[in-house]
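Next comes work39.txt, with compact mmCIF, C-alpha atoms.
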```txt
# COMPACT_ATOMS: atom_id res chain seq x y z
CA MET A 1 -55.73 40.30 155.42
CA LYS A 2 -55.94 43.72 153.87
CA SER A 3 -54.73 42.40 150.52
CA ILE A 4 -57.35 39.60 150.62
CA THR A 5 -60.11 42.14 151.26
CA LEU A 6 -58.86 44.30 148.41
CA THR A 7 -58.68 41.31 146.06
CA SER A 8 -62.21 40.22 147.04
CA LEU A 9 -63.47 43.74 146.51
CA SER A 10 -61.89 43.96 143.06
CA ILE A 11 -63.34 40.57 142.06
CA ALA A 12 -66.78 41.63 143.31
CA ALA A 13 -66.51 44.94 141.44
CA ALA A 14 -65.40 43.19 138.25
CA ALA A 15 -68.26 40.70 138.53
CA LEU A 16 -70.74 43.52 139.10
CA LEU A 17 -69.44 45.40 136.08
CA THR A 18 -69.59 42.27 133.95
CA LEU A 19 -73.12 41.44 134.99
CA SER A 20 -74.37 44.98 134.75
CA GLY A 21 -72.54 45.36 131.45
CA CYS A 22 -75.95 45.87 129.80
CA SER A 23 -75.74 49.58 130.19
CA ALA A 24 -77.00 49.83 126.60
CA LYS A 25 -80.77 49.29 126.56
CA GLY A 26 -81.98 45.97 125.24
CA GLY A 27 -79.37 43.69 126.71
CA ALA A 28 -76.53 41.73 125.23
CA GLY A 29 -76.57 41.40 121.47
CA MET A 30 -79.08 44.19 120.97
CA THR A 31 -78.59 47.80 119.97
CA GLY A 32 -81.05 50.52 119.15
CA TYR A 33 -83.66 49.07 121.48
CA ASP A 34 -85.56 52.33 121.53
CA SER A 35 -85.68 52.73 117.75
CA ASN A 36 -88.82 52.36 115.65
CA VAL A 37 -87.38 49.40 113.77
CA LYS A 38 -88.73 46.01 114.82
CA TYR A 39 -88.18 42.55 113.41
CA GLY A 40 -91.33 40.89 112.18
CA ASP A 41 -92.40 37.43 111.07
CA ALA A 42 -90.97 36.97 107.55
CA LYS A 43 -93.86 34.63 106.76
CA ALA A 44 -96.64 36.88 108.06
CA VAL A 45 -99.44 38.01 105.78
CA GLU A 46 -98.67 41.50 104.50
CA THR A 47 -101.55 43.74 103.43
CA LEU A 48 -99.98 47.18 103.25
CA THR A 49 -100.94 47.73 99.61
CA ALA A 50 -102.62 45.72 96.87
CA ASP A 51 -99.37 45.39 94.90
CA PHE A 52 -97.73 42.00 94.45
CA GLY A 53 -96.09 41.41 97.82
CA SER A 54 -94.21 38.91 99.94
CA THR A 55 -97.33 36.93 100.84
CA ASP A 56 -98.18 36.54 97.14
CA LEU A 57 -94.62 35.47 96.37
CA GLN A 58 -94.57 32.90 99.17
CA SER A 59 -98.02 31.46 98.54
CA THR A 60 -97.42 31.26 94.77
CA ALA A 61 -94.12 29.44 95.26
CA GLU A 62 -95.68 27.00 97.74
CA THR A 63 -98.73 26.25 95.60
CA MET A 64 -96.66 25.72 92.46
CA THR A 65 -94.10 23.56 94.25
CA GLN A 66 -96.77 21.34 95.77
CA SER A 67 -98.50 20.98 92.42
CA LEU A 68 -95.22 20.18 90.64
CA LEU A 69 -94.29 17.58 93.25
CA GLU A 70 -97.62 15.87 92.66
CA SER A 71 -97.01 15.73 88.91
CA ARG A 72 -96.17 12.22 87.75
CA TYR A 73 -93.37 13.64 85.61
CA ILE A 74 -91.60 14.65 88.81
CA SER A 75 -92.69 12.19 91.49
CA LYS A 76 -93.13 8.98 89.52
CA THR A 77 -89.96 8.82 87.45
CA HIS A 78 -87.17 6.25 87.66
CA GLN A 79 -84.47 8.90 87.44
CA THR A 80 -84.57 12.24 89.19
CA PRO A 81 -85.51 14.70 86.41
CA LYS A 82 -83.15 17.54 85.49
CA VAL A 83 -84.90 20.86 85.15
CA ARG A 84 -83.78 24.24 83.88
CA LEU A 85 -85.55 27.43 84.85
CA ARG A 86 -86.49 29.70 81.99
CA THR A 87 -88.12 33.10 82.20
CA ILE A 88 -91.42 33.87 83.89
CA ASN A 89 -92.77 36.80 81.89
CA ASN A 90 -94.16 39.72 83.82
CA LEU A 91 -97.17 40.85 81.78
CA THR A 92 -98.52 43.16 84.47
CA TYR A 93 -98.13 46.93 84.66
CA GLU A 94 -96.12 46.81 87.87
CA HIS A 95 -92.58 45.70 88.55
CA ILE A 96 -92.53 42.10 89.75
CA ASP A 97 -89.25 40.27 90.24
CA THR A 98 -90.35 37.00 88.67
CA LYS A 99 -86.90 35.52 89.27
CA ALA A 100 -87.73 35.67 92.98
CA ILE A 101 -90.70 33.36 92.33
CA THR A 102 -88.69 30.82 90.35
CA ASP A 103 -85.73 30.97 92.74
CA LYS A 104 -88.05 30.20 95.65
CA ILE A 105 -89.62 27.33 93.73
CA ARG A 106 -86.17 25.99 92.89
CA ILE A 107 -85.10 26.08 96.56
CA LYS A 108 -88.24 24.23 97.61
CA LEU A 109 -87.97 21.63 94.86
CA LEU A 110 -84.30 21.01 95.64
CA LYS A 111 -85.18 20.51 99.32
CA SER A 112 -87.66 17.84 98.29
CA GLY A 113 -84.83 15.84 96.72
CA LEU A 114 -87.11 14.90 93.83
CA VAL A 115 -85.71 17.31 91.25
CA ARG A 116 -82.24 18.27 90.00
CA PHE A 117 -81.62 21.70 88.53
CA LEU A 118 -79.26 22.81 85.81
CA ALA A 119 -77.67 26.25 85.73
CA ASP A 120 -80.11 28.73 84.29
CA LYS A 121 -79.60 31.83 82.18
CA ALA A 122 -78.70 33.91 85.23
CA ASN A 123 -75.77 31.79 86.34
CA LEU A 124 -74.83 30.00 83.12
CA GLU A 125 -72.40 32.81 82.33
CA GLU A 126 -70.61 32.19 85.62
CA VAL A 127 -70.52 28.47 84.92
CA ASN A 128 -69.04 29.09 81.45
CA ASP A 129 -66.44 31.45 82.93
CA GLU A 130 -65.42 28.75 85.38
CA ARG A 131 -65.19 26.18 82.61
CA THR A 132 -63.02 28.52 80.51
CA LEU A 133 -60.77 29.13 83.53
CA THR A 134 -60.51 25.39 84.12
CA THR A 135 -59.44 24.70 80.57
CA THR A 136 -57.00 27.61 80.30
CA ALA A 137 -55.47 28.25 83.71
CA THR A 138 -55.62 24.95 85.53
CA THR A 139 -54.34 21.47 84.85
CA LYS A 140 -57.69 19.96 84.03
CA THR A 141 -57.70 20.52 80.30
CA LYS A 142 -60.60 18.30 79.37
CA LEU A 143 -64.11 19.01 80.54
CA SER A 144 -67.10 16.78 80.13
CA ALA A 145 -70.05 18.17 78.24
CA MET A 146 -72.88 19.71 80.21
CA THR A 147 -76.05 17.69 80.41
CA ASP A 148 -79.35 18.50 78.78
CA ALA A 149 -82.47 19.40 80.68
CA ASP A 150 -85.28 16.87 80.81
CA TYR A 151 -87.70 19.73 81.38
CA ILE A 152 -87.79 23.50 81.41
CA ILE A 153 -90.07 25.71 83.51
CA THR A 154 -91.68 28.77 81.94
CA GLY A 155 -94.64 30.91 82.81
CA ASN A 156 -96.46 34.23 82.91
CA VAL A 157 -97.74 36.67 85.50
CA ARG A 158 -100.80 38.64 84.51
CA SER A 159 -102.99 41.09 86.35
CA ILE A 160 -106.32 42.80 85.92
CA LYS A 161 -106.89 45.99 87.86
CA LYS A 162 -110.19 47.76 88.29
CA ALA A 163 -111.16 50.68 90.44
CA SER A 164 -114.47 52.30 91.20
CA GLY A 165 -114.77 55.09 93.69
CA ASP A 166 -112.87 54.14 96.80
CA VAL A 167 -112.64 50.46 95.91
CA GLN A 168 -109.79 48.94 93.94
CA ASP A 169 -109.79 45.32 92.80
CA VAL A 170 -106.61 43.58 91.67
CA TYR A 171 -106.56 40.07 90.23
CA TYR A 172 -103.27 38.26 89.66
CA ASN A 173 -102.91 35.10 87.63
CA ILE A 174 -99.58 33.32 87.79
CA SER A 175 -99.35 30.40 85.37
CA MET A 176 -96.46 28.02 84.98
CA GLU A 177 -95.62 25.18 82.64
CA LEU A 178 -93.23 22.25 82.62
CA VAL A 179 -92.14 21.60 79.05
CA ASP A 180 -90.16 18.73 77.55
CA PRO A 181 -87.65 20.54 75.28
CA GLN A 182 -87.06 17.42 73.18
CA SER A 183 -90.65 17.03 72.11
CA GLY A 184 -92.00 20.47 72.93
CA GLU A 185 -94.76 18.79 74.90
CA VAL A 186 -96.24 20.67 77.87
CA VAL A 187 -96.38 17.95 80.51
CA TRP A 188 -97.61 19.99 83.46
CA ALA A 189 -99.28 23.35 83.92
CA ASP A 190 -100.91 25.05 86.85
CA GLU A 191 -102.00 28.48 87.93
CA LYS A 192 -102.30 30.50 91.09
CA GLU A 193 -105.02 33.10 91.34
CA ILE A 194 -104.92 35.97 93.81
CA ARG A 195 -107.58 38.61 94.37
CA LYS A 196 -106.97 41.68 96.47
CA VAL A 197 -109.51 44.35 97.26
CA THR A 198 -108.62 47.66 98.83
CA SER A 199 -111.09 50.09 100.22
CA LYS A 200 -110.30 53.51 101.61
CA SER A 201 -113.35 53.51 103.81
CA SER A 202 -112.44 50.47 105.85
CA VAL A 203 -109.35 48.76 107.10
CA GLY A 204 -108.89 45.01 106.80
CA TRP A 205 -108.98 42.25 104.29
CA MET B 1 -110.07 -13.46 110.83
CA SER B 2 -111.32 -13.49 114.41
CA PRO B 3 -113.85 -10.85 115.53
CA THR B 4 -111.28 -9.43 117.98
CA LYS B 5 -108.68 -9.04 115.25
CA THR B 6 -111.24 -7.43 112.95
CA ALA B 7 -112.28 -5.00 115.67
CA LEU B 8 -108.65 -4.10 116.43
CA LEU B 9 -107.88 -3.63 112.75
CA SER B 10 -110.94 -1.41 112.27
CA LEU B 11 -109.98 0.64 115.32
CA SER B 12 -106.40 1.11 114.18
CA LEU B 13 -107.57 2.04 110.67
CA ALA B 14 -110.09 4.49 112.09
CA LEU B 15 -107.38 6.07 114.27
CA ALA B 16 -104.94 6.24 111.39
CA PHE B 17 -107.39 8.00 109.11
CA SER B 18 -109.10 10.23 111.62
CA GLY B 19 -105.84 11.64 113.04
CA CYS B 20 -107.81 14.32 114.88
CA ALA B 21 -105.63 14.69 117.94
CA SER B 22 -106.06 18.19 119.33
CA LYS B 23 -102.28 18.59 119.70
CA ASN B 24 -102.19 18.98 115.92
CA VAL B 25 -104.29 22.13 116.03
CA THR B 26 -103.84 25.56 117.57
CA ILE B 27 -106.26 28.45 117.22
CA ILE B 28 -104.85 31.87 118.07
CA GLY B 29 -107.27 34.69 118.84
CA GLU B 30 -111.05 34.49 118.87
CA LYS B 31 -112.41 31.02 118.13
CA ARG B 32 -114.83 32.05 115.42
CA VAL B 33 -113.57 29.30 113.11
CA ASP B 34 -113.71 25.56 113.76
CA ILE B 35 -111.35 22.93 112.45
CA VAL B 36 -113.94 20.27 111.79
CA MET B 37 -111.58 17.57 110.56
CA HIS B 38 -107.93 17.07 109.71
CA LYS B 39 -105.95 14.07 108.58
CA SER B 40 -102.72 13.20 106.85
CA PHE B 41 -101.58 10.82 104.14
CA GLN B 42 -98.14 9.67 103.12
CA GLU B 43 -97.60 10.38 99.42
CA GLY B 44 -94.28 8.87 98.45
CA SER B 45 -91.74 10.54 100.68
CA LEU B 46 -93.97 13.54 101.39
CA LEU B 47 -96.78 14.08 103.89
CA LYS B 48 -100.09 15.50 102.71
CA VAL B 49 -102.48 17.17 105.15
CA VAL B 50 -106.17 17.79 104.54
CA ALA B 51 -108.20 19.94 106.91
CA GLU B 52 -111.75 21.22 106.86
CA LEU B 53 -112.41 24.63 108.37
CA GLU B 54 -115.88 25.90 109.15
CA ASN B 55 -117.38 29.30 109.72
CA ASP B 56 -120.53 28.45 111.69
CA ASP B 57 -121.64 32.07 111.88
CA PHE B 58 -124.79 32.85 109.86
CA ASP B 59 -124.07 36.58 109.68
CA GLU B 60 -120.37 37.17 109.20
CA VAL B 61 -117.78 36.30 106.54
CA GLU B 62 -114.59 35.26 108.27
CA GLY B 63 -111.15 36.26 107.06
CA PHE B 64 -108.19 34.70 108.84
CA VAL B 65 -104.77 33.18 108.23
CA TYR B 66 -103.36 29.71 108.73
CA GLN B 67 -99.97 28.06 108.76
CA ILE B 68 -98.80 24.46 108.88
CA GLU B 69 -95.68 23.40 110.73
CA TRP B 70 -93.87 20.21 109.74
CA TYR B 71 -92.05 18.13 112.37
CA ASP B 72 -89.68 15.20 112.05
CA MET B 73 -89.87 11.97 114.06
CA ASN B 74 -87.96 13.60 116.94
CA GLY B 75 -90.51 16.39 117.22
CA ILE B 76 -88.13 18.94 115.73
CA LEU B 77 -89.66 21.68 113.60
CA ILE B 78 -88.04 21.35 110.18
CA GLU B 79 -90.22 23.59 108.01
CA SER B 80 -93.33 25.72 108.10
CA THR B 81 -95.54 27.14 105.39
CA ALA B 82 -96.06 30.86 104.99
CA TRP B 83 -99.12 32.27 106.73
CA LYS B 84 -101.89 32.06 104.15
CA PRO B 85 -104.98 34.22 104.06
CA ILE B 86 -108.33 32.51 103.57
CA THR B 87 -111.93 33.66 103.57
CA ILE B 88 -114.95 31.54 104.50
CA HIS B 89 -118.41 32.73 103.68
CA LYS B 90 -121.27 32.60 106.16
CA ASN B 91 -122.02 29.12 107.44
CA GLN B 92 -119.65 27.48 104.98
CA LYS B 93 -116.80 24.99 105.09
CA VAL B 94 -113.51 25.20 103.24
CA GLN B 95 -111.04 22.40 102.67
CA ILE B 96 -107.34 23.16 102.73
CA VAL B 97 -104.72 20.78 101.36
CA GLU B 98 -101.00 21.19 101.98
CA THR B 99 -98.08 18.91 101.13
CA SER B 100 -94.79 19.01 102.99
CA GLY B 101 -92.19 19.98 100.43
CA ILE B 102 -89.53 17.97 102.21
CA PRO B 103 -89.19 14.29 103.06
CA ASN B 104 -88.90 12.79 106.57
CA VAL B 105 -91.86 14.73 107.96
CA SER B 106 -93.69 12.58 110.46
CA THR B 107 -96.22 14.95 111.97
CA TYR B 108 -97.77 18.38 111.51
CA LYS B 109 -99.48 21.19 113.34
CA ILE B 110 -102.18 23.45 111.91
CA ILE B 111 -102.16 26.97 113.35
CA VAL B 112 -105.15 29.20 112.67
CA SER B 113 -104.98 32.87 113.61
CA VAL B 114 -108.27 34.77 113.74
CA PRO B 115 -108.06 38.58 114.03
CA ASN B 116 -109.99 40.35 116.77
CA LYS B 117 -113.05 42.26 115.68
```

Turn the structure described in the file into structure tokens.
Amino acid sequence: MKSITLTSLSIAAAALLTLSGCSAKGGAGMTGYDSNVKYGDAKAVETLTADFGSTDLQSTAETMTQSLLESRYISKTHQTPKVRLRTINNLTYEHIDTKAITDKIRIKLLKSGLVRFLADKANLEEVNDERTLTTTATTKTKLSAMTDADYIITGNVRSIKKASGDVQDVYYNISMELVDPQSGEVVWADEKEIRKVTSKSSVGW
Amino acid sequence: MSPTKTALLSLSLALAFSGCASKNVTIIGEKRVDIVMHKSFQEGSLLKVVAELENDDFDEVEGFVYQIEWYDMNGILIESTAWKPITIHKNQKVQIVETSGIPNVSTYKIIVSVPNK
């Protein structure tokens, strides 16, 4: 009887310890509950400064993707077009990672299933390394030639900044083009315009 | 075509194009903006949504954000747009157009978030 009571007590104690095991604040799977760091909505509108930010990156990528998908050179073709990303030139005075814009557009276009992408400048070196390795160190000695792009994507990011007193006005213009490299013909072009106004005297947008 | 069939066809067409079920719209915060109309079209494999938003205030310019969620036929959320800022001048309407970037979207939800003043 005594052993049963002891066993029951140990089970109860173990259960209590397991359940109350959240001695660290925040519960299971959380640490640093009291810290000042909080997770936010990655898609929320960010207005901390007038610089090119996450909201501008996301809205530009979405607008351009939607416009591209409506282009007849993408949506109304018999064969899924093969596209290669080229450089988006940053012609502004601030640092903008334009590759982030094109990468986001590429992800969205690939998800649509209406476009195929070829390796671009950034990962072509890796592809070539792999091909060299294949021909030298593995049994597959013959490689097929890489395919040509039906279209390339290029573009520019420009900005105009003006300030007067406490008010600063920033205008961004992101333009992109879809070019047929065989003919040099620009078959699609679109732009995204963004205006941001900051004022020291008031908070908001 | 019989008058009954014509009436039924007109009704189904009207329902298909109006698409203004309130379950497709959520307004968070103060309701200072109205979603006057919204409808969707199938464009190839993608779904296109058009909505008209109105600021019926004669005195204030409204700045707010909106997002569109895309659902598949099972009601599962498969994608959402980023929150996008938009400004509507006094007593004006603005039309927003968004296309789902992915196929197999069967329905959508427009979420409008209006900041407190």

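Among the candidates A:Arg195, A:Lys104, A:Arg131, A:Lys142, the residue lying nearest to Ala61 of chain A is A:Lys104 (atoms considered: all atoms listed in the file).
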
Per-residue nearest contacts of chain A to chain B (10 Å; all atoms listed in the file) as a Markdown table:
```
| residue | atom | partner | partner_atom | distance |
| --- | --- | --- | --- | --- |
| A:Asp41 | CA | B:Trp83 | CA | 9.5 |
| A:Ala42 | CA | B:Ala82 | CA | 8.4 |
| A:Lys43 | CA | B:Ala82 | CA | 4.7 |
| A:Ala44 | CA | B:Trp83 | CA | 5.4 |
| A:Val45 | CA | B:Trp83 | CA | 5.8 |
| A:Glu46 | CA | B:Trp83 | CA | 9.5 |
| A:Ser54 | CA | B:Ala82 | CA | 9.7 |
| A:Thr55 | CA | B:Lys84 | CA | 7.4 |
| A:Asp56 | CA | B:Lys84 | CA | 9.1 |
| A:Leu57 | CA | B:Ala82 | CA | 9.9 |
| A:Gln58 | CA | B:Ala82 | CA | 6.3 |
| A:Ser59 | CA | B:Ala82 | CA | 6.8 |
| A:Glu62 | CA | B:Thr81 | CA | 7.7 |
| A:Thr63 | CA | B:Glu98 | CA | 8.5 |
| A:Thr65 | CA | B:Gly101 | CA | 7.4 |
| A:Gln66 | CA | B:Thr99 | CA | 6.0 |
| A:Ser67 | CA | B:Thr99 | CA | 9.0 |
| A:Leu69 | CA | B:Gly101 | CA | 7.9 |
| A:Glu70 | CA | B:Glu43 | CA | 8.7 |
| A:Ser75 | CA | B:Gly44 | CA | 7.9 |
| A:Lys76 | CA | B:Gly44 | CA | 9.0 |
| A:Lys108 | CA | B:Gly101 | CA | 6.5 |
| A:Leu109 | CA | B:Gly101 | CA | 7.2 |
| A:Leu110 | CA | B:Ile102 | CA | 8.9 |
| A:Lys111 | CA | B:Ile102 | CA | 5.8 |
| A:Ser112 | CA | B:Ile102 | CA | 4.3 |
| A:Gly113 | CA | B:Ile102 | CA | 7.5 |
| A:Leu114 | CA | B:Ile102 | CA | 9.2 |
| A:Gly204 | CA | B:Gly63 | CA | 9.0 |
| A:Trp205 | CA | B:Gly63 | CA | 6.9 |
```

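Among A:Val37, A:Ile152, A:Val170, A:Ile160, the residue with the shortest atom-to-atom distance to Gln182 of chain A, counting only C-alpha atoms, is A:Ile152.
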
Check your understanding: atom CA of Val49 of chain B and atom CA of Trp188 of chain A are how many Å apart?
Key -> 22.4 Å
